[in-house]
file query13.txt (compact mmCIF, C-alpha atoms)
# COMPACT_ATOMS: atom_id res chain seq x y z
CA MET L 131 12.16 -5.83 -6.89
CA SER L 132 10.95 -7.64 -9.91
CA SER L 133 7.92 -7.06 -12.04
CA THR L 134 4.65 -8.47 -13.10
CA GLU L 135 5.08 -11.64 -15.16
CA LEU L 136 8.06 -11.52 -17.50
CA PRO L 137 8.57 -13.10 -20.90
CA GLY L 138 11.37 -15.54 -21.60
CA VAL L 139 14.10 -14.87 -24.12
CA ARG L 140 14.99 -18.29 -25.51
CA SER L 141 12.93 -20.43 -27.85
CA THR L 142 13.80 -23.63 -25.96
CA ALA L 143 12.22 -22.15 -22.84
CA GLU L 144 9.07 -20.95 -24.53
CA PRO L 145 5.85 -22.52 -23.23
CA THR L 146 4.73 -25.25 -25.61
CA SER L 147 1.73 -26.68 -23.78
CA GLN L 148 -0.87 -25.72 -21.23
CA VAL L 149 -2.28 -27.24 -18.08
CA GLY L 150 -5.55 -25.42 -17.66
CA ALA L 151 -4.66 -21.74 -17.64
CA VAL L 152 -1.10 -22.44 -16.62
CA ARG L 153 1.63 -22.46 -19.24
CA VAL L 154 4.43 -24.95 -18.85
CA ALA L 155 7.57 -25.44 -20.90
CA GLU L 156 8.22 -28.74 -22.59
CA GLY L 157 9.59 -31.18 -20.03
CA GLU L 158 8.16 -29.31 -17.04
CA GLY L 159 5.43 -30.41 -14.66
CA LEU L 160 3.20 -28.73 -12.10
CA ARG L 161 1.79 -29.77 -8.77
CA THR L 162 0.00 -28.10 -5.88
CA VAL L 163 1.32 -28.23 -2.33
CA ALA L 164 -1.40 -27.85 0.29
CA LEU L 165 -0.45 -27.06 3.89
CA PRO L 166 -2.62 -25.60 6.67
CA GLY L 167 -3.39 -22.02 5.65
CA LEU L 168 -1.09 -22.22 2.66
CA GLU L 169 -1.34 -23.49 -0.91
CA MET L 170 1.49 -23.15 -3.38
CA ASN L 171 1.93 -24.07 -7.00
CA VAL L 172 5.23 -25.83 -7.68
CA ARG L 173 6.82 -26.05 -11.13
CA PHE L 174 9.35 -28.83 -11.52
CA ARG L 175 11.63 -30.32 -14.13
CA PRO L 176 12.55 -34.00 -13.66
CA PRO L 177 16.32 -34.45 -13.43
CA GLN L 178 18.14 -36.10 -16.32
CA ARG L 179 19.35 -38.86 -14.03
CA GLU L 180 18.70 -40.24 -10.56
CA GLY L 181 20.55 -39.00 -7.53
CA LEU L 182 21.01 -35.35 -8.48
CA PRO L 183 20.85 -32.85 -5.58
CA SER L 184 17.68 -30.86 -4.98
CA ALA L 185 17.34 -27.21 -5.95
CA LEU L 186 14.63 -24.65 -5.21
CA PHE L 187 14.03 -21.42 -7.15
CA VAL L 188 12.23 -18.36 -5.67
CA HIS L 189 10.99 -15.56 -7.96
CA GLY L 190 10.76 -11.80 -7.42
CA LEU L 191 7.96 -9.31 -6.83
CA GLY L 192 5.13 -9.83 -9.29
CA GLY L 193 6.88 -12.73 -11.01
CA SER L 194 6.25 -16.46 -10.90
CA SER L 195 7.95 -19.82 -11.06
CA GLN L 196 7.95 -19.45 -14.84
CA ASN L 197 10.76 -16.87 -14.49
CA TRP L 198 13.10 -19.79 -13.77
CA SER L 199 12.12 -22.09 -16.66
CA ALA L 200 15.14 -21.25 -18.83
CA LEU L 201 17.65 -21.75 -16.01
CA MET L 202 15.94 -24.91 -14.78
CA GLU L 203 16.26 -26.35 -18.26
CA GLN L 204 19.94 -25.45 -18.38
CA LEU L 205 20.56 -27.14 -15.02
CA ALA L 206 18.52 -30.30 -15.54
CA ASP L 207 21.79 -32.24 -15.85
CA SER L 208 23.05 -30.89 -12.52
CA VAL L 209 20.11 -30.58 -10.09
CA ASP L 210 16.64 -31.89 -9.37
CA GLY L 211 14.94 -28.51 -9.68
CA GLU L 212 11.62 -27.07 -8.66
CA ALA L 213 10.37 -23.49 -8.51
CA VAL L 214 7.60 -22.17 -6.29
CA ASP L 215 4.93 -19.59 -6.95
CA LEU L 216 5.06 -17.52 -3.78
CA PRO L 217 1.68 -17.05 -2.05
CA GLY L 218 -0.44 -14.58 -4.00
CA PHE L 219 1.72 -14.79 -7.14
CA GLY L 220 1.79 -16.97 -10.23
CA TRP L 221 -0.89 -19.58 -9.69
CA SER L 222 -0.70 -19.67 -5.89
CA PRO L 223 -3.63 -18.11 -3.99
CA PRO L 224 -3.00 -15.58 -1.20
CA PRO L 225 -1.86 -16.94 2.17
CA ALA L 226 -4.63 -17.34 4.73
CA ASP L 227 -2.93 -14.89 7.09
CA ARG L 228 -2.30 -12.33 4.31
CA ASP L 229 1.32 -12.07 5.50
CA TYR L 230 3.41 -10.90 2.53
CA SER L 231 6.38 -9.78 4.60
CA VAL L 232 9.83 -11.11 3.74
CA THR L 233 9.67 -13.15 6.94
CA GLY L 234 6.19 -14.44 6.09
CA LEU L 235 7.23 -15.49 2.58
CA ALA L 236 10.41 -17.09 3.93
CA ARG L 237 8.28 -18.99 6.44
CA ALA L 238 6.08 -20.27 3.60
CA VAL L 239 9.09 -21.57 1.67
CA ILE L 240 10.54 -23.15 4.81
CA ARG L 241 7.24 -24.90 5.52
CA HIS L 242 7.28 -26.31 2.01
CA LEU L 243 10.86 -27.54 2.33
CA ASP L 244 10.21 -29.10 5.71
CA ALA L 245 7.06 -30.83 4.49
CA ALA L 246 8.71 -32.08 1.29
CA GLY L 247 11.87 -33.25 3.03
CA ARG L 248 13.99 -32.07 0.08
CA GLY L 249 16.55 -30.12 2.09
CA PRO L 250 19.27 -29.18 2.10
CA VAL L 251 18.73 -27.62 -1.33
CA HIS L 252 20.68 -25.44 -3.69
CA LEU L 253 18.61 -22.29 -3.15
CA PHE L 254 18.15 -19.64 -5.85
CA GLY L 255 16.45 -16.26 -5.41
CA ASN L 256 15.81 -13.24 -7.63
CA SER L 257 15.00 -9.76 -6.32
CA LEU L 258 12.37 -10.17 -3.58
CA GLY L 259 13.09 -13.88 -3.80
CA GLY L 260 16.73 -13.03 -3.11
CA ALA L 261 15.78 -11.30 0.14
CA VAL L 262 13.55 -14.25 1.07
CA SER L 263 16.33 -16.72 0.26
CA THR L 264 18.87 -14.73 2.28
CA ARG L 265 16.61 -14.89 5.32
CA ILE L 266 16.09 -18.63 4.86
CA ALA L 267 19.81 -19.30 4.56
CA ALA L 268 20.49 -17.24 7.71
CA VAL L 269 17.83 -18.75 9.98
CA ARG L 270 17.75 -22.31 8.62
CA PRO L 271 21.27 -23.18 7.44
CA ASP L 272 20.31 -26.85 7.59
CA LEU L 273 18.03 -26.30 4.59
CA VAL L 274 20.56 -24.59 2.29
CA ARG L 275 23.48 -26.29 0.57
CA THR L 276 24.44 -23.36 -1.65
CA LEU L 277 22.87 -19.96 -2.25
CA THR L 278 22.58 -18.21 -5.63
CA LEU L 279 21.19 -14.68 -5.64
CA VAL L 280 20.29 -12.79 -8.82
CA SER L 281 19.88 -9.05 -8.16
CA PRO L 282 18.75 -9.64 -4.57
CA ALA L 283 16.55 -6.95 -3.02
CA LEU L 284 18.85 -6.00 -0.16
CA PRO L 285 18.63 -2.58 1.53
CA GLU L 286 20.02 0.38 -0.41
CA LEU L 287 20.49 3.86 1.00
CA ARG L 288 20.11 5.45 -2.42
CA VAL L 289 17.33 3.70 -4.29
CA GLN L 290 17.38 4.19 -8.05
CA SER L 291 14.69 6.54 -9.34
CA SER L 292 13.32 3.80 -11.61
CA ALA L 293 12.60 1.69 -8.51
CA VAL L 294 10.61 4.40 -6.72
CA PRO L 295 7.19 3.50 -8.22
CA THR L 296 7.55 -0.04 -6.89
CA ALA L 297 8.41 1.27 -3.43
CA LEU L 298 5.42 3.65 -3.53
CA LEU L 299 3.10 0.66 -3.80
CA ALA L 300 3.80 0.13 -0.10
CA LEU L 301 1.94 3.34 0.81
CA PRO L 302 -1.77 3.19 1.74
CA GLY L 303 -4.01 4.25 -1.12
CA VAL L 304 -1.28 4.23 -3.76
CA PRO L 305 -2.21 0.86 -5.34
CA ALA L 306 -5.78 2.09 -5.90
CA LEU L 307 -4.39 5.33 -7.35
CA PHE L 308 -2.06 3.41 -9.65
CA GLY L 309 -5.00 1.30 -10.74
CA ARG L 310 -7.02 4.38 -11.66
CA LEU L 311 -4.14 6.15 -13.39
CA THR L 312 -3.20 3.13 -15.50
CA ARG L 313 -6.63 1.66 -16.24
CA HIS L 314 -6.44 2.92 -19.81
CA LEU L 315 -3.26 0.93 -20.51
CA THR L 316 -3.61 -2.27 -22.49
CA ALA L 317 -2.01 -5.52 -21.33
CA GLU L 318 0.46 -5.14 -24.19
CA GLN L 319 1.47 -1.64 -23.05
CA ARG L 320 1.87 -2.82 -19.46
CA THR L 321 3.99 -5.77 -20.55
CA ARG L 322 6.15 -3.54 -22.72
CA GLY L 323 6.78 -1.27 -19.75
CA VAL L 324 7.71 -4.19 -17.53
CA THR L 325 10.05 -5.61 -20.17
CA ASP L 326 11.78 -2.26 -20.71
CA LEU L 327 12.25 -1.92 -16.94
CA CYS L 328 13.53 -5.41 -16.19
CA TYR L 329 15.61 -6.43 -19.21
CA GLY L 330 19.01 -5.03 -20.08
CA ASP L 331 18.16 -5.60 -23.73
CA PRO L 332 14.39 -5.95 -24.33
CA SER L 333 15.05 -6.95 -27.95
CA ARG L 334 16.21 -10.36 -26.68
CA VAL L 335 12.59 -11.25 -25.89
CA THR L 336 11.09 -13.37 -28.64
CA PRO L 337 7.74 -12.38 -30.18
CA GLU L 338 6.18 -15.59 -28.86
CA GLY L 339 7.57 -14.98 -25.40
CA PHE L 340 6.17 -11.44 -25.40
CA ALA L 341 2.75 -12.63 -26.58
CA ASN L 342 2.64 -15.21 -23.79
CA ALA L 343 3.59 -12.54 -21.25
CA VAL L 344 0.77 -10.30 -22.47
CA GLU L 345 -1.66 -13.16 -22.00
CA GLU L 346 -0.38 -13.73 -18.48
CA MET L 347 -0.60 -10.01 -17.72
CA GLU L 348 -4.28 -10.06 -18.64
CA ARG L 349 -4.89 -13.03 -16.36
CA ARG L 350 -3.02 -11.52 -13.42
CA MET L 351 -4.72 -8.13 -13.69
CA ALA L 352 -8.12 -9.84 -13.52
CA LEU L 353 -7.35 -11.48 -10.17
CA PRO L 354 -9.22 -9.81 -7.28
CA TYR L 355 -6.12 -9.92 -5.08
CA PHE L 356 -3.59 -8.63 -7.64
CA TRP L 357 -3.04 -5.18 -6.13
CA GLU L 358 -3.19 -6.53 -2.59
CA ALA L 359 -0.38 -8.99 -3.28
CA MET L 360 1.71 -6.34 -5.02
CA SER L 361 1.20 -3.64 -2.39
CA ARG L 362 1.66 -5.85 0.66
CA SER L 363 4.76 -7.46 -0.83
CA SER L 364 6.17 -4.03 -1.63
CA ARG L 365 5.45 -2.99 1.95
CA GLY L 366 7.22 -6.14 3.09
CA ILE L 367 10.36 -5.16 1.19
CA VAL L 368 10.28 -1.61 2.56
CA ASP L 369 9.79 -2.93 6.10
CA ALA L 370 12.69 -5.36 5.64
CA TYR L 371 14.89 -2.48 4.46
CA THR L 372 14.23 -0.58 7.69
CA LEU L 373 14.84 -3.46 10.10
CA GLY L 374 18.01 -3.21 12.13
CA GLY L 375 19.87 -5.49 14.48
CA GLN L 376 19.96 -9.23 14.01
CA HIS L 377 16.86 -9.15 11.80
CA GLY L 378 18.37 -6.73 9.29
CA LEU L 379 19.02 -8.32 5.91
CA TRP L 380 22.66 -7.22 5.74
CA ARG L 381 23.28 -8.66 9.20
CA GLN L 382 21.61 -11.88 8.12
CA ALA L 383 23.72 -11.94 4.95
CA GLN L 384 26.79 -12.01 7.19
CA ARG L 385 25.37 -15.05 9.00
CA VAL L 386 24.95 -17.14 5.84
CA LEU L 387 27.22 -20.17 5.95
CA ALA L 388 26.37 -21.66 2.56
CA PRO L 389 28.72 -21.06 -0.40
CA THR L 390 27.16 -18.14 -2.25
CA LEU L 391 27.05 -16.98 -5.87
CA LEU L 392 25.99 -13.36 -6.47
CA VAL L 393 24.77 -12.27 -9.91
CA TYR L 394 24.39 -8.58 -10.78
CA GLY L 395 23.46 -6.89 -14.05
CA GLY L 396 25.13 -3.69 -15.22
CA ARG L 397 21.86 -2.42 -16.71
CA ASP L 398 19.67 -3.28 -13.72
CA GLN L 399 17.17 -0.45 -13.17
CA LEU L 400 15.75 -1.84 -9.93
CA VAL L 401 18.73 -3.08 -7.91
CA SER L 402 21.79 -0.90 -8.27
CA TYR L 403 24.87 -2.48 -9.80
CA ARG L 404 26.95 -0.64 -7.21
CA MET L 405 25.50 -2.94 -4.52
CA ALA L 406 27.46 -5.87 -5.94
CA ARG L 407 30.64 -5.04 -4.03
CA LYS L 408 28.78 -4.55 -0.75
CA ALA L 409 27.03 -7.87 -1.19
CA ALA L 410 30.28 -9.64 -2.04
CA ALA L 411 31.77 -8.30 1.19
CA ALA L 412 28.73 -9.25 3.28
CA PHE L 413 28.38 -12.88 2.18
CA ARG L 414 31.49 -14.62 3.46
CA GLY L 415 33.56 -16.38 0.84
CA SER L 416 31.09 -15.48 -1.90
CA ARG L 417 31.82 -15.25 -5.60
CA LEU L 418 30.50 -12.52 -7.88
CA LEU L 419 29.27 -12.81 -11.46
CA SER L 420 28.95 -9.39 -13.09
CA LEU L 421 27.05 -9.19 -16.37
CA PRO L 422 27.43 -5.66 -17.80
CA GLU L 423 24.69 -6.09 -20.43
CA ALA L 424 22.12 -7.78 -18.18
CA GLY L 425 19.19 -6.16 -16.42
CA HIS L 426 17.24 -7.27 -13.37
CA VAL L 427 16.56 -10.86 -14.48
CA ALA L 428 19.92 -12.20 -15.63
CA MET L 429 18.73 -15.79 -15.22
CA MET L 430 16.22 -15.11 -18.01
CA GLU L 431 18.47 -13.04 -20.26
CA TYR L 432 21.65 -15.12 -19.88
CA PRO L 433 20.61 -18.52 -18.50
CA GLU L 434 23.63 -20.29 -20.03
CA VAL L 435 26.09 -17.93 -18.32
CA VAL L 436 24.36 -18.12 -14.95
CA ALA L 437 24.16 -21.92 -15.25
CA ALA L 438 27.88 -22.18 -15.98
CA ALA L 439 28.71 -20.05 -12.94
CA PHE L 440 26.47 -22.18 -10.74
CA ARG L 441 28.10 -25.39 -11.98
CA GLU L 442 31.45 -23.98 -10.86
CA LEU L 443 29.95 -23.23 -7.45
CA LEU L 444 28.45 -26.72 -7.31
CA ARG L 445 31.75 -28.38 -8.24
CA ASP L 446 33.77 -26.36 -5.74
CA ALA L 447 31.20 -26.92 -2.98
CA ALA L 448 31.30 -30.66 -3.62
CA THR L 449 35.11 -30.61 -3.51
CA GLY L 450 34.98 -28.72 -0.22
CA GLU L 451 32.61 -31.28 1.26
CA THR L 452 34.90 -34.11 0.14
CA ASP L 453 37.91 -32.39 1.67
CA ARG L 454 36.07 -31.95 4.98
CA ASP L 455 34.93 -35.57 4.99
CA THR L 456 38.50 -36.72 4.42
CA ALA L 457 39.78 -34.48 7.21
CA ASP L 458 37.12 -35.94 9.51
CA GLY L 459 38.19 -39.48 8.64
CA LYS L 460 35.09 -40.22 6.52
CA GLY L 461 36.88 -40.49 3.20

call {"tool": "encode", "arguments": {"input": "query13.txt", "output": "structure tokens"}}
result
Amino acid sequence: MSSTELPGVRSTAEPTSQVGAVRVAEGEGLRTVALPGLEMNVRFRPPQREGLPSALFVHGLGGSSQNWSALMEQLADSVDGEAVDLPGFGWSPPPADRDYSVTGLARAVIRHLDAAGRGPVHLFGNSLGGAVSTRIAAVRPDLVRTLTLVSPALPELRVQSSAVPTALLALPGVPALFGRLTRHLTAEQRTRGVTDLCYGDPSRVTPEGFANAVEEMERRMALPYFWEAMSRSSRGIVDAYTLGGQHGLWRQAQRVLAPTLLVYGGRDQLVSYRMARKAAAAFRGSRLLSLPEAGHVAMMEYPEVVAAAFRELLRDAATGETDRDTADGKG
């Protein structure tokens, strides 16, 4: 369960130009994908050379594609990366059907991948985006080459107290109440609260990155559908937590065939660090990267470390594919 827009922590990932009201980092581009009933903003970074495999990055609750800028930059030599703004977040308008469930968001990402013909991709997900990516990998294994999950929002029996306010947004009337109770807060105060909640070490955020996040907070709060997107997405997570049987997220995690990298932060206040072992057991043959000093958004706090772990996954996955091809007589 991520936050409203988060600031970056590295100067090389700081936005240096603007396209309209949208900030982009140097070397990034933006485009809009229009499908029936769905419009999504896509942030992309051209690969450093031709022929690199495709990657897709999916942000968490209240975040945007910009949450992946630092990691996309780190991996520009390894993948052809793009990050989506989920419907109703970032610079994507709400979906026509107002379906913010995990299944609905997964369906939106699948529609984009099918239309773009970029699959199978190396799929990345953070928080809510981790739950969405897990569902995609389980139901459409043909679209996922590897899976990297950073603090995925998978069901917990004992939710951390710091995550309770996010869960309460799912209740009718609570978003309006939150709006009234917090209307006196400035965008800077709101951003500071989000940063303190989501980062293991908030001091890693640069002054410029924080200023840009405050600006984005002001823009997001002015959107007429801000609270709707937050509350319905929160309700979608809660609903996904209560699903059992084959549609339960833990059951779907067990169905994932793609090589999986799990990243957990020791200072995560939203997804408990103790869930790392359960996740490692659920995703078959997965590998676990534990970062004791990281919070909820390790890909923003420690992009170099996450990138290095992914490159190992990428190399080993490629070796595995070569071994299988040789065994099948294709080598």

call {"tool": "closest_atom_pairs", "arguments": {"input": "query13.txt", "of": "region 408-431 of chain L", "to": "region 382-385 of chain L", "cutoff": "12 Å", "atoms": "all atoms listed in the file", "output": "tab-separated table"}}
result
residue	atom	partner	partner_atom	distance
L:Lys408	CA	L:Ala383	CA	10.6
L:Ala409	CA	L:Ala383	CA	8.1
L:Ala410	CA	L:Ala383	CA	9.9
L:Ala411	CA	L:Gln384	CA	8.6
L:Ala412	CA	L:Gln384	CA	5.2
L:Phe413	CA	L:Gln384	CA	5.3
L:Arg414	CA	L:Gln384	CA	6.5
L:Gly415	CA	L:Gln384	CA	10.3
L:Ser416	CA	L:Gln384	CA	10.6

call {"tool": "axis_aligned_box", "arguments": {"input": "query13.txt", "around": "region 403-415 of chain L", "padding_each_side": "3 Å", "output": "AutoDock Vina command-line options"}}
result
--center_x 29.2 --center_y -8.5 --center_z -3.2 --size_x 14.7 --size_y 21.7 --size_z 19.3

call {"tool": "residues_around", "arguments": {"input": "query13.txt", "residues": "Phe174 (chain L)", "least_positions_apart": "3", "cutoff": "8 Å", "atoms": "all atoms listed in the file", "output": "VMD selection string"}}
result
chain L and resid 158 to 160 211 to 213

call {"tool": "write_last_selection", "arguments": {"input": "query13.txt", "atoms": "C-alpha atoms", "output": "compact mmCIF listing (two decimals), in the frame of the given file"}}
result
# COMPACT_ATOMS: atom_id res chain seq x y z
CA GLU L 158 8.16 -29.31 -17.04
CA GLY L 159 5.43 -30.41 -14.66
CA LEU L 160 3.20 -28.73 -12.10
CA GLY L 211 14.94 -28.51 -9.68
CA GLU L 212 11.62 -27.07 -8.66
CA ALA L 213 10.37 -23.49 -8.51

call {"tool": "closest_residue", "arguments": {"input": "query13.txt", "among": "L:Leu315, L:Ala370, L:Val239, L:Leu421", "to": "Gly330 (chain L)", "atoms": "all atoms listed in the file"}}
result
L:Leu421

call {"tool": "atom_distance", "arguments": {"input": "query13.txt", "atom1": "CA of Met430 (chain L)", "atom2": "CA of Trp380 (chain L)"}}
result
25.8 Å

call {"tool": "closest_residue", "arguments": {"input": "query13.txt", "among": "L:Arg441, L:Arg397, L:His377, L:Arg320", "to": "Gly425 (chain L)", "atoms": "only C-alpha atoms"}}
result
L:Arg397

call {"tool": "residues_around", "arguments": {"input": "query13.txt", "residues": "Ser195 (chain L)", "least_positions_apart": "3", "cutoff": "9 Å", "atoms": "all atoms listed in the file", "output": "PyMOL selection string"}}
result
chain L and resi 171-173+187-189+198-199+212-216+219-221

call {"tool": "closest_residue", "arguments": {"input": "query13.txt", "among": "L:Val393, L:Leu186, L:Val262, L:Leu136", "to": "Val324 (chain L)", "atoms": "only C-alpha atoms"}}
result
L:Leu136

call {"tool": "residues_near_point", "arguments": {"input": "query13.txt", "point": "(19.9, -1.1, 4.1)", "cutoff": "12 Å", "atoms": "only C-alpha atoms", "output": "ChimeraX atom specification"}}
result
/L:261,283-289,367-375,377-383,405,408-409

call {"tool": "atom_distance", "arguments": {"input": "query13.txt", "atom1": "CA of Cys328 (chain L)", "atom2": "CA of Ala424 (chain L)"}}
result
9.1 Å

call {"tool": "closest_residue", "arguments": {"input": "query13.txt", "among": "L:Arg275, L:Arg349, L:His252, L:Arg241", "to": "Val152 (chain L)", "atoms": "all atoms listed in the file"}}
result
L:Arg349

call {"tool": "residues_around", "arguments": {"input": "query13.txt", "residues": "Ser363 (chain L)", "least_positions_apart": "4", "cutoff": "8 Å", "atoms": "only C-alpha atoms", "output": "list in words"}}
result
Leu191, Tyr230, Ser231, Val232, Ala300, Ala359 and Ile367 of chain L

call {"tool": "closest_residue", "arguments": {"input": "query13.txt", "among": "L:Asp210, L:Leu353, L:Val386, L:Arg334", "to": "Leu273 (chain L)", "atoms": "all atoms listed in the file"}}
result
L:Val386

call {"tool": "atom_distance", "arguments": {"input": "query13.txt", "atom1": "CA of Arg161 (chain L)", "atom2": "CA of Ala317 (chain L)"}}
result
27.6 Å

call {"tool": "residues_around", "arguments": {"input": "query13.txt", "residues": "Leu201 (chain L)", "least_positions_apart": "6", "cutoff": "10 Å", "atoms": "all atoms listed in the file", "output": "count of residues only"}}
result
13

call {"tool": "closest_residue", "arguments": {"input": "query13.txt", "among": "L:Gly395, L:Gly247, L:Pro389, L:Pro166", "to": "Asp227 (chain L)", "atoms": "all atoms listed in the file"}}
result
L:Pro166
